[in-house]
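The file run.cif contains mmCIF, C-alpha atoms, pLDDT in the B column; chains and numbers go by the auth columns:
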```
data_run
#
loop_
_atom_site.group_PDB
_atom_site.id
_atom_site.type_symbol
_atom_site.label_atom_id
_atom_site.label_comp_id
_atom_site.label_asym_id
_atom_site.label_seq_id
_atom_site.Cartn_x
_atom_site.Cartn_y
_atom_site.Cartn_z
_atom_site.B_iso_or_equiv
_atom_site.auth_seq_id
_atom_site.auth_asym_id
ATOM 1 C CA MET A 1 -17.328 15.928 -2.750 49.00 1 A
ATOM 2 C CA LYS A 2 -14.850 14.426 -0.310 60.00 2 A
ATOM 3 C CA LYS A 3 -11.162 15.090 -0.979 69.00 3 A
ATOM 4 C CA GLN A 4 -9.180 11.996 -1.931 79.00 4 A
ATOM 5 C CA ASN A 5 -5.996 11.503 0.067 93.00 5 A
ATOM 6 C CA HIS A 6 -2.957 9.824 -1.475 96.00 6 A
ATOM 7 C CA ILE A 7 0.198 8.390 0.067 97.00 7 A
ATOM 8 C CA LEU A 8 3.219 6.491 -1.223 97.00 8 A
ATOM 9 C CA ILE A 9 4.423 3.397 0.663 97.00 9 A
ATOM 10 C CA SER A 10 7.245 0.929 0.065 97.00 10 A
ATOM 11 C CA LEU A 11 6.755 -2.824 0.081 97.00 11 A
ATOM 12 C CA THR A 12 9.115 -5.723 -0.486 96.00 12 A
ATOM 13 C CA PRO A 13 8.608 -7.551 -3.786 98.00 13 A
ATOM 14 C CA ARG A 14 7.106 -10.547 -1.948 97.00 14 A
ATOM 15 C CA HIS A 15 4.454 -8.475 -0.190 97.00 15 A
ATOM 16 C CA ALA A 16 3.622 -6.402 -3.257 97.00 16 A
ATOM 17 C CA TYR A 17 3.149 -9.564 -5.315 97.00 17 A
ATOM 18 C CA ASN A 18 0.805 -10.997 -2.660 97.00 18 A
ATOM 19 C CA VAL A 19 -1.192 -7.742 -2.478 97.00 19 A
ATOM 20 C CA PHE A 20 -1.803 -7.674 -6.228 97.00 20 A
ATOM 21 C CA ALA A 21 -2.447 -11.441 -6.308 96.00 21 A
ATOM 22 C CA GLY A 22 -5.188 -10.895 -3.705 95.00 22 A
ATOM 23 C CA THR A 23 -3.708 -13.216 -1.064 96.00 23 A
ATOM 24 C CA LYS A 24 -2.538 -10.383 1.214 97.00 24 A
ATOM 25 C CA THR A 25 -5.540 -8.190 1.964 98.00 25 A
ATOM 26 C CA VAL A 26 -4.169 -6.278 4.928 98.00 26 A
ATOM 27 C CA GLU A 27 -1.081 -4.097 5.274 97.00 27 A
ATOM 28 C CA LEU A 28 0.527 -4.201 8.703 97.00 28 A
ATOM 29 C CA ARG A 29 2.428 -1.354 10.313 97.00 29 A
ATOM 30 C CA ARG A 30 4.177 -0.984 13.667 96.00 30 A
ATOM 31 C CA ARG A 31 3.210 2.682 14.054 93.00 31 A
ATOM 32 C CA ALA A 32 0.199 4.826 13.299 88.00 32 A
ATOM 33 C CA MET A 33 0.139 6.469 9.895 89.00 33 A
ATOM 34 C CA HIS A 34 -2.541 9.099 10.616 90.00 34 A
ATOM 35 C CA ILE A 35 -4.466 8.385 7.443 94.00 35 A
ATOM 36 C CA SER A 36 -8.180 7.857 6.920 94.00 36 A
ATOM 37 C CA GLU A 37 -10.293 5.151 5.368 95.00 37 A
ATOM 38 C CA GLY A 38 -10.503 5.661 1.627 96.00 38 A
ATOM 39 C CA THR A 39 -6.902 6.851 1.303 97.00 39 A
ATOM 40 C CA PHE A 40 -5.170 5.720 -1.880 96.00 40 A
ATOM 41 C CA ALA A 41 -1.785 4.141 -1.152 97.00 41 A
ATOM 42 C CA TRP A 42 0.556 3.983 -4.137 97.00 42 A
ATOM 43 C CA ILE A 43 2.913 1.014 -3.957 97.00 43 A
ATOM 44 C CA TYR A 44 6.643 1.422 -4.524 98.00 44 A
ATOM 45 C CA VAL A 45 8.240 -2.027 -4.717 98.00 45 A
ATOM 46 C CA LYS A 46 11.715 -2.042 -3.217 97.00 46 A
ATOM 47 C CA LEU A 47 14.801 -3.171 -5.120 96.00 47 A
ATOM 48 C CA PRO A 48 15.523 -5.278 -7.056 96.00 48 A
ATOM 49 C CA ILE A 49 12.196 -4.226 -8.677 97.00 49 A
ATOM 50 C CA GLY A 50 12.559 -0.506 -7.852 97.00 50 A
ATOM 51 C CA ALA A 51 9.291 0.814 -9.285 97.00 51 A
ATOM 52 C CA ILE A 52 5.850 2.153 -8.426 97.00 52 A
ATOM 53 C CA VAL A 53 3.591 -0.608 -9.705 96.00 53 A
ATOM 54 C CA GLY A 54 0.071 0.301 -8.632 95.00 54 A
ATOM 55 C CA CYS A 55 -2.318 1.533 -6.010 96.00 55 A
ATOM 56 C CA ILE A 56 -4.479 0.156 -3.223 97.00 56 A
ATOM 57 C CA GLN A 57 -7.313 1.814 -1.383 97.00 57 A
ATOM 58 C CA ILE A 58 -7.368 1.642 2.402 97.00 58 A
ATOM 59 C CA GLY A 59 -10.544 0.221 3.878 96.00 59 A
ATOM 60 C CA SER A 60 -10.955 -0.204 7.616 97.00 60 A
ATOM 61 C CA ILE A 61 -8.078 0.689 9.939 97.00 61 A
ATOM 62 C CA HIS A 62 -7.526 -1.429 13.054 97.00 62 A
ATOM 63 C CA ILE A 63 -5.289 -0.573 16.013 97.00 63 A
ATOM 64 C CA LYS A 64 -4.863 -3.580 18.282 97.00 64 A
ATOM 65 C CA SER A 65 -2.379 -5.625 20.235 98.00 65 A
ATOM 66 C CA PRO A 66 -0.219 -7.913 18.098 98.00 66 A
ATOM 67 C CA GLU A 67 -2.027 -10.913 19.584 98.00 67 A
ATOM 68 C CA ASN A 68 -5.418 -9.568 18.486 98.00 68 A
ATOM 69 C CA LEU A 69 -4.098 -8.561 15.064 98.00 69 A
ATOM 70 C CA TRP A 70 -2.772 -12.104 14.588 98.00 70 A
ATOM 71 C CA ARG A 71 -6.103 -13.577 15.688 98.00 71 A
ATOM 72 C CA ASP A 72 -8.044 -11.395 13.266 98.00 72 A
ATOM 73 C CA PHE A 73 -5.719 -11.154 10.259 98.00 73 A
ATOM 74 C CA SER A 74 -3.227 -14.038 10.271 97.00 74 A
ATOM 75 C CA SER A 75 -4.805 -15.724 7.245 97.00 75 A
ATOM 76 C CA VAL A 76 -4.553 -12.580 5.077 97.00 76 A
ATOM 77 C CA SER A 77 -1.311 -11.068 6.443 97.00 77 A
ATOM 78 C CA GLY A 78 1.119 -12.794 4.094 96.00 78 A
ATOM 79 C CA LEU A 79 3.302 -13.687 7.091 97.00 79 A
ATOM 80 C CA SER A 80 4.064 -16.806 9.076 97.00 80 A
ATOM 81 C CA GLU A 81 3.373 -16.644 12.803 98.00 81 A
ATOM 82 C CA SER A 82 7.072 -16.246 13.635 98.00 82 A
ATOM 83 C CA GLU A 83 7.539 -13.500 11.010 98.00 83 A
ATOM 84 C CA PHE A 84 4.470 -11.707 12.335 98.00 84 A
ATOM 85 C CA PHE A 85 5.516 -11.710 15.989 98.00 85 A
ATOM 86 C CA ASN A 86 9.148 -10.869 15.145 98.00 86 A
ATOM 87 C CA TYR A 87 7.874 -7.836 13.211 97.00 87 A
ATOM 88 C CA PHE A 88 5.737 -6.630 16.120 98.00 88 A
ATOM 89 C CA GLU A 89 8.252 -7.520 18.854 97.00 89 A
ATOM 90 C CA GLY A 90 8.412 -4.786 21.511 97.00 90 A
ATOM 91 C CA THR A 91 5.329 -3.014 20.169 96.00 91 A
ATOM 92 C CA PRO A 92 2.220 -2.948 22.402 97.00 92 A
ATOM 93 C CA GLU A 93 -0.073 -2.051 19.484 97.00 93 A
ATOM 94 C CA GLY A 94 0.075 -2.471 15.748 97.00 94 A
ATOM 95 C CA ILE A 95 -1.966 -1.263 12.827 97.00 95 A
ATOM 96 C CA ALA A 96 -3.787 -3.309 10.202 98.00 96 A
ATOM 97 C CA LEU A 97 -4.923 -1.459 7.096 97.00 97 A
ATOM 98 C CA GLU A 98 -7.519 -3.433 5.186 98.00 98 A
ATOM 99 C CA ILE A 99 -7.070 -3.279 1.432 97.00 99 A
ATOM 100 C CA SER A 100 -10.350 -2.560 -0.339 90.00 100 A
ATOM 101 C CA ASN A 101 -9.199 -2.246 -3.971 93.00 101 A
ATOM 102 C CA THR A 102 -6.096 -2.886 -6.034 96.00 102 A
ATOM 103 C CA THR A 103 -5.180 -1.241 -9.321 93.00 103 A
ATOM 104 C CA LYS A 104 -2.017 -1.928 -11.304 93.00 104 A
ATOM 105 C CA LEU A 105 -0.407 0.695 -13.486 91.00 105 A
ATOM 106 C CA LYS A 106 -0.367 0.070 -17.249 87.00 106 A
ATOM 107 C CA ALA A 107 3.427 0.223 -16.964 91.00 107 A
ATOM 108 C CA PRO A 108 5.395 0.444 -13.686 94.00 108 A
ATOM 109 C CA LEU A 109 7.275 3.695 -13.063 95.00 109 A
ATOM 110 C CA SER A 110 10.886 2.673 -12.490 96.00 110 A
ATOM 111 C CA LEU A 111 13.189 4.372 -10.030 96.00 111 A
ATOM 112 C CA ASP A 112 15.327 5.613 -12.946 96.00 112 A
ATOM 113 C CA PHE A 113 12.250 7.057 -14.675 95.00 113 A
ATOM 114 C CA LEU A 114 11.045 8.723 -11.480 95.00 114 A
ATOM 115 C CA ARG A 115 14.457 10.269 -10.815 95.00 115 A
ATOM 116 C CA GLY A 116 14.669 11.375 -14.448 95.00 116 A
ATOM 117 C CA LYS A 117 11.380 13.265 -14.065 93.00 117 A
ATOM 118 C CA LEU A 118 11.861 14.304 -10.426 93.00 118 A
ATOM 119 C CA SER A 119 15.531 14.472 -9.464 91.00 119 A
ATOM 120 C CA SER A 120 14.694 14.708 -5.760 89.00 120 A
ATOM 121 C CA PHE A 121 12.618 11.490 -5.699 92.00 121 A
ATOM 122 C CA HIS A 122 13.474 9.048 -2.914 93.00 122 A
ATOM 123 C CA PRO A 123 11.383 5.979 -2.073 94.00 123 A
ATOM 124 C CA PRO A 124 9.700 6.393 1.313 93.00 124 A
ATOM 125 C CA GLN A 125 11.091 4.676 4.390 90.00 125 A
ATOM 126 C CA PHE A 126 7.698 4.699 6.122 86.00 126 A
ATOM 127 C CA PHE A 127 5.244 6.597 3.923 94.00 127 A
ATOM 128 C CA THR A 128 4.971 9.931 2.136 94.00 128 A
ATOM 129 C CA ASN A 129 1.853 12.091 1.874 93.00 129 A
ATOM 130 C CA LEU A 130 1.104 13.183 -1.684 94.00 130 A
ATOM 131 C CA ASN A 131 -0.852 16.424 -1.900 91.00 131 A
ATOM 132 C CA ASP A 132 -2.868 17.470 -4.948 88.00 132 A
ATOM 133 C CA SER A 133 -0.013 19.542 -6.375 88.00 133 A
ATOM 134 C CA SER A 134 2.587 16.806 -5.901 90.00 134 A
ATOM 135 C CA PRO A 135 4.574 16.144 -9.106 91.00 135 A
ATOM 136 C CA ILE A 136 4.721 12.459 -8.153 91.00 136 A
ATOM 137 C CA LEU A 137 0.930 12.289 -7.869 91.00 137 A
ATOM 138 C CA ASN A 138 0.537 13.964 -11.269 87.00 138 A
ATOM 139 C CA LEU A 139 2.837 11.334 -12.841 86.00 139 A
ATOM 140 C CA LEU A 140 0.925 8.555 -11.124 86.00 140 A
ATOM 141 C CA ARG A 141 -2.476 9.801 -12.181 81.00 141 A
ATOM 142 C CA SER A 142 -1.389 9.977 -15.814 78.00 142 A
ATOM 143 C CA SER A 143 -0.066 6.381 -15.639 74.00 143 A
ATOM 144 C CA ARG A 144 -3.041 4.831 -13.834 63.00 144 A
ATOM 145 C CA SER A 145 -5.137 2.075 -15.332 45.00 145 A
ATOM 146 C CA HIS A 146 -8.554 1.282 -13.892 40.00 146 A
ATOM 147 C CA ARG A 147 -8.388 -2.471 -14.313 42.00 147 A
ATOM 148 C CA PRO A 148 -10.027 -4.049 -11.282 42.00 148 A
ATOM 149 C CA LYS A 149 -8.290 -7.229 -10.144 45.00 149 A
ATOM 150 C CA ASN A 150 -11.481 -9.236 -10.048 42.00 150 A
ATOM 151 C CA LYS A 151 -15.222 -9.003 -10.635 37.00 151 A
ATOM 152 C CA LYS A 152 -15.999 -8.438 -6.950 41.00 152 A
ATOM 153 C CA GLN A 153 -13.865 -5.271 -6.964 42.00 153 A
ATOM 154 C CA SER A 154 -15.506 -4.119 -10.228 38.00 154 A
ATOM 155 C CA GLU A 155 -18.877 -4.321 -8.568 40.00 155 A
ATOM 156 C CA LYS A 156 -17.651 -2.267 -5.583 42.00 156 A
ATOM 157 C CA LYS A 157 -16.621 0.556 -7.916 40.00 157 A
ATOM 158 C CA ALA A 158 -19.968 0.634 -9.744 38.00 158 A
#
```
Just give me the structure of the file as structure tokens.
Amino acid sequence: MKKQNHILISLTPRHAYNVFAGTKTVELRRRAMHISEGTFAWIYVKLPIGAIVGCIQIGSIHIKSPENLWRDFSSVSGLSESEFFNYFEGTPEGIALEISNTTKLKAPLSLDFLRGKLSSFHPPQFFTNLNDSSPILNLLRSSRSHRPKNKKQSEKKA
């Protein structure tokens, strides 16, 4: 059985909302994350929300020029053209992580709750690997709800 990799990433409230609404189906990054397809990415939503709200699974990973990323993913990026090219300004290549599944937690784990359980918790600036013995991962697993966002995703899990 293949080991499941988990990471924690931070998103703005706008982007997190669009991910869980299904209108943003790709996560864009300026630098490589050295993760593999199938990785579970837990979503911390930045303040004013300040909580881990759910999880996505990474599908295909694309490394391309910003121009090619825009051509291929503009309609599912959640960004306007000017926002997109401002984000990638000065970067010869960017990364697009296709989102294959979304799962919301039964109840978000607030920053206060996380720091109450794990005093050293800090939201990631870029991303944080979560190994199997990670206290954060144990909290997340116990809070997880397997409610697929739509029927299509239910069928993928079957």
- Task: Would you mind reading off the distance between CA of Ile56 (chain A) and CA of Pro123 (chain A), one decimal, in Å?
- Result: 16.9 Å
- Hey, which of A:Val26, A:Ala107, A:Tyr17, A:Glu37 ends up closest to Ser142 (chain A)? Count all atoms listed in the file.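 Closest candidate: A:Ala107.
Minimum distance to Ser36 (chain A) across A:Ile52, A:Glu83, A:Ser119, A:His62 (counting only C-alpha atoms) occurs at A:His62.
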- Let me know the residues the PyMOL selection byres ((chain A and resi 63) around 12) catches in the file above, as a PyMOL selection string. chain A and resi 28-34+60-62+64-70+72+91-98
- Task: Any chance you could resolve the PyMOL selection byres ((chain A and resi 111) around 9) against this file and give the residues as an MDAnalysis selection string?
- Result: chainID A and resid 49:52 109:110 112:116 121:123
I need the output of the PyMOL selection byres ((chain A and resi 15) around 10) for this file as a short mmCIF file (atom, residue, chain, number, x, y, z; two decimals) with C-alpha atoms, keeping the file's coordinate frame; which residues are they?
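Resulting contents of part-v9.cif:
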```cif
data_model
loop_
_atom_site.label_atom_id
_atom_site.label_comp_id
_atom_site.auth_asym_id
_atom_site.auth_seq_id
_atom_site.Cartn_x
_atom_site.Cartn_y
_atom_site.Cartn_z
CA SER A 10 7.24 0.93 0.06
CA LEU A 11 6.76 -2.82 0.08
CA THR A 12 9.12 -5.72 -0.49
CA PRO A 13 8.61 -7.55 -3.79
CA ARG A 14 7.11 -10.55 -1.95
CA ALA A 16 3.62 -6.40 -3.26
CA TYR A 17 3.15 -9.56 -5.32
CA ASN A 18 0.80 -11.00 -2.66
CA VAL A 19 -1.19 -7.74 -2.48
CA PHE A 20 -1.80 -7.67 -6.23
CA ALA A 21 -2.45 -11.44 -6.31
CA THR A 23 -3.71 -13.22 -1.06
CA LYS A 24 -2.54 -10.38 1.21
CA GLU A 27 -1.08 -4.10 5.27
CA VAL A 45 8.24 -2.03 -4.72
CA SER A 77 -1.31 -11.07 6.44
CA GLY A 78 1.12 -12.79 4.09
CA LEU A 79 3.30 -13.69 7.09
#
```
- CA of Gly22 (chain A) and CA of Tyr87 (chain A) are how many Å apart?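 So the two atoms, CA of Gly22 (chain A) and CA of Tyr87 (chain A), lie 21.6 Å apart.
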- Residues near Ser143 (chain A), cut-off 10 Å, all atoms listed in the file, skip fewer than 5 positions along chain, as a ChimeraX atom specification: /A:53-54,104-109,137-138
- Query: Which value, in Å to one decimal, gives the distance between CA of Ile9 (chain A) and CA of Arg71 (chain A)?
  - Reply: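 Computed distance, CA of Ile9 (chain A) to CA of Arg71 (chain A), equals 25.0 Å.
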